[in-house]
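Student: Below is a structure I'd like to ask you about.
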Amino acid sequence: MALLTPLFAFLYHLPQVYKWLLKPYYVASLFMSIAFLAIRKTPGVCDHLSTQREDGNPCDFDWREVEILMFLSAIVMMKNRRAITVEQHLGNIILFSKVANVILFFRLDLRMGLLYLTLCIVCMMTCKPPLYMGPEYIKYFSDKTIDDELEKDGRVTWIVEFFANWSPECQSFASVYADLSLKYNCAGLKFGKVDIGRYGEVSKRYKVSTSPLSKQLPSLVLFQGGKEVMRRPQVDKKGRAVSWTFTDENIIREFNLNELYQKSKKLNKKGEKANQSQFEPVPEEDESQATDAQEEEPESKKDK
């Protein structure tokens with residue numbers, strides 16, 4: 001049953017997966033990932049390749065090529081243990097498949113290695129990973145608006161993601177962050193994003209490094225009353241991020257999203273009641289009471 005559940009889930013989402021995988025980036029990445037395999041196994045092409053096999057068969061992997069592929073496969077498995085989304089799993093497979101192809105092509109022929117490396121650079125510049133375009137309740141800040149929005153209302157709690165479009169980790173985290181915004185967004189708890197790859201001043205002001213070596217992308221920061229309360233991942237004295245996994249469970253637990261959401265809902269109800277009390281309509285007198293009052297006035301005058 002444990003194996004059937006993910007199988008049924010995969011079959012249910014299969015049309016969406018096909019539509020997703022047919023995007024140019026994944027099509028190009030697929031061909032680049034299997035390039036060496038295709039050349040080594042294609043009859044008529046592999047006959048002209050060199051080999052170190054004892055039987056001299058150029059259309060099969062030699063022992064060194066198998067060793068390289070097994071080593072990089074082990075690295076992919078270790079990397080995917082911390083992967084959250086399907087995009088991260090595929091990203092790791094694509095990345096290390098290209099690394100394996102570069103090593104294998106350079107080992108086979110220097111010219112083929114240079115050609116493959118050039119194709120990788122061209123694909124990287126022309127075919128970028130597709131960005132998340134699904135539903136979300138997220139406000140995008142610029143270098144001029146972020147400070148004003150965070151300090152605009154002290155009762156509002158902000159969770160802000162500092163990201164860069166070129167970061168694979170940020171691209172993979174986009175769908176997770178969007179789902180959290182759909183679930184927890186309200187008037188007293190809001191979600192925001194700012195591209196520090198584009199706005200370098202914001203990166204310096206909020207001390208989030210864009211260097212790939214620092215591993216601070218993405219960074220989630222909680223603001224209350226315009227001031228930073230906490231951030232994940234935390235940064236050590238050397239400026240490197242402490243290892244932290246960006247799963248929805250970790251974010252909900254570390255940022256106390258359930259508690260923050262309940263408090264924000266109570267503030268919203270109090271605000272609505274205060275607004276209603278300020279603008280309550282004055283009750284009008286009934287028409288019958290008004291007519292009775294008008295009739296009583298002349299009778300009193302007659303008595304006088």
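Just remember, in the structure tokens the first chain shown is A, the second B, etc., residues are 1-based per chain, and ligands are 1-based in the order shown.
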For Met124 in chain A, please output as a PyMOL selection string all residues within 12 Å (counting only C-alpha atoms; exclusion window: fewer than 4 positions along the same chain).
Tutor: chain A and resi 24-26+28-29+32+94-95+98+117-120+128-129+166
Student: For range 175-186 of chain A, work out the shell of residues within 12 Å, counting only C-alpha atoms and skipping chain neighbours fewer than 2 positions away, then give it as a VMD selection string.
Tutor: chain A and resid 84 to 88 130 to 139 156 to 163 169 to 173 188 to 193 218 to 220 245 to 252 255 to 269
Student: Would you mind listing what lies within 9 Å of Glu151 in chain A as a list in words, with only C-alpha atoms counted and same-chain residues fewer than 6 positions away left out?
Tutor: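 In the requested form, the answer reads Gln224, Gly225, Gly226 and Lys227 of chain A.
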Student: Near Lys215 in chain A, within 10 Å and counting only C-alpha atoms, which residues show up once chain neighbours fewer than 6 positions away are dropped, as a PDB file with N, CA, C and O atoms, in the first residue's frame?
Tutor:
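Final output, selection-v1.pdb:
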ATOM      1  N   GLU A 169      17.644  27.153  -5.804  1.00  0.00           N
ATOM      2  CA  GLU A 169      16.951  26.928  -4.539  1.00  0.00           C
ATOM      3  C   GLU A 169      15.736  27.846  -4.395  1.00  0.00           C
ATOM      4  O   GLU A 169      14.674  27.422  -3.911  1.00  0.00           O
ATOM      5  N   VAL A 208      21.627  40.212   3.806  1.00  0.00           N
ATOM      6  CA  VAL A 208      21.413  38.912   3.170  1.00  0.00           C
ATOM      7  C   VAL A 208      22.367  38.818   1.985  1.00  0.00           C
ATOM      8  O   VAL A 208      22.246  39.576   1.029  1.00  0.00           O
ATOM      9  N   SER A 209      23.323  37.910   2.061  1.00  0.00           N
ATOM     10  CA  SER A 209      24.337  37.798   1.028  1.00  0.00           C
ATOM     11  C   SER A 209      23.792  37.052  -0.191  1.00  0.00           C
ATOM     12  O   SER A 209      23.059  36.070  -0.065  1.00  0.00           O
ATOM     13  N   PRO A 233      17.554  30.908   6.887  1.00  0.00           N
ATOM     14  CA  PRO A 233      18.470  30.279   7.826  1.00  0.00           C
ATOM     15  C   PRO A 233      19.231  31.315   8.654  1.00  0.00           C
ATOM     16  O   PRO A 233      19.393  32.453   8.227  1.00  0.00           O
ATOM     17  N   VAL A 235      22.637  32.869  10.396  1.00  0.00           N
ATOM     18  CA  VAL A 235      23.973  33.098   9.838  1.00  0.00           C
ATOM     19  C   VAL A 235      24.993  33.053  10.967  1.00  0.00           C
ATOM     20  O   VAL A 235      24.793  33.672  12.022  1.00  0.00           O
ATOM     21  N   GLY A 239      29.618  34.416   8.389  1.00  0.00           N
ATOM     22  CA  GLY A 239      28.723  34.877   7.329  1.00  0.00           C
ATOM     23  C   GLY A 239      28.120  33.764   6.511  1.00  0.00           C
ATOM     24  O   GLY A 239      27.519  34.031   5.458  1.00  0.00           O
ATOM     25  N   ARG A 240      28.243  32.530   6.978  1.00  0.00           N
ATOM     26  CA  ARG A 240      27.656  31.401   6.270  1.00  0.00           C
ATOM     27  C   ARG A 240      26.364  30.961   6.942  1.00  0.00           C
ATOM     28  O   ARG A 240      26.221  31.040   8.159  1.00  0.00           O
ATOM     29  N   ALA A 241      25.439  30.512   6.117  1.00  0.00           N
ATOM     30  CA  ALA A 241      24.134  30.109   6.634  1.00  0.00           C
ATOM     31  C   ALA A 241      24.226  28.764   7.338  1.00  0.00           C
ATOM     32  O   ALA A 241      24.908  27.844   6.875  1.00  0.00           O
ATOM     33  N   VAL A 242      23.542  28.664   8.468  1.00  0.00           N
ATOM     34  CA  VAL A 242      23.428  27.390   9.179  1.00  0.00           C
ATOM     35  C   VAL A 242      22.454  26.510   8.414  1.00  0.00           C
ATOM     36  O   VAL A 242      21.381  26.971   7.995  1.00  0.00           O
ATOM     37  N   SER A 243      22.808  25.263   8.221  1.00  0.00           N
ATOM     38  CA  SER A 243      21.996  24.357   7.401  1.00  0.00           C
ATOM     39  C   SER A 243      20.561  24.288   7.926  1.00  0.00           C
ATOM     40  O   SER A 243      20.325  24.066   9.115  1.00  0.00           O
TER      41      SER A 243
END
Student: A:Phe61, A:His48, A:Met78, A:Gly91: which is nearest Leu104 in chain A, counting only C-alpha atoms?
Tutor: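 Result for the nearest residue to Leu104 in chain A: A:Phe61.
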Student: Excluding Lys144 in chain A and any residue of its chain fewer than 4 positions from it, enumerate the residues within 10 Å of it, using only C-alpha atoms, and give them as a count of residues only.
Tutor: 5
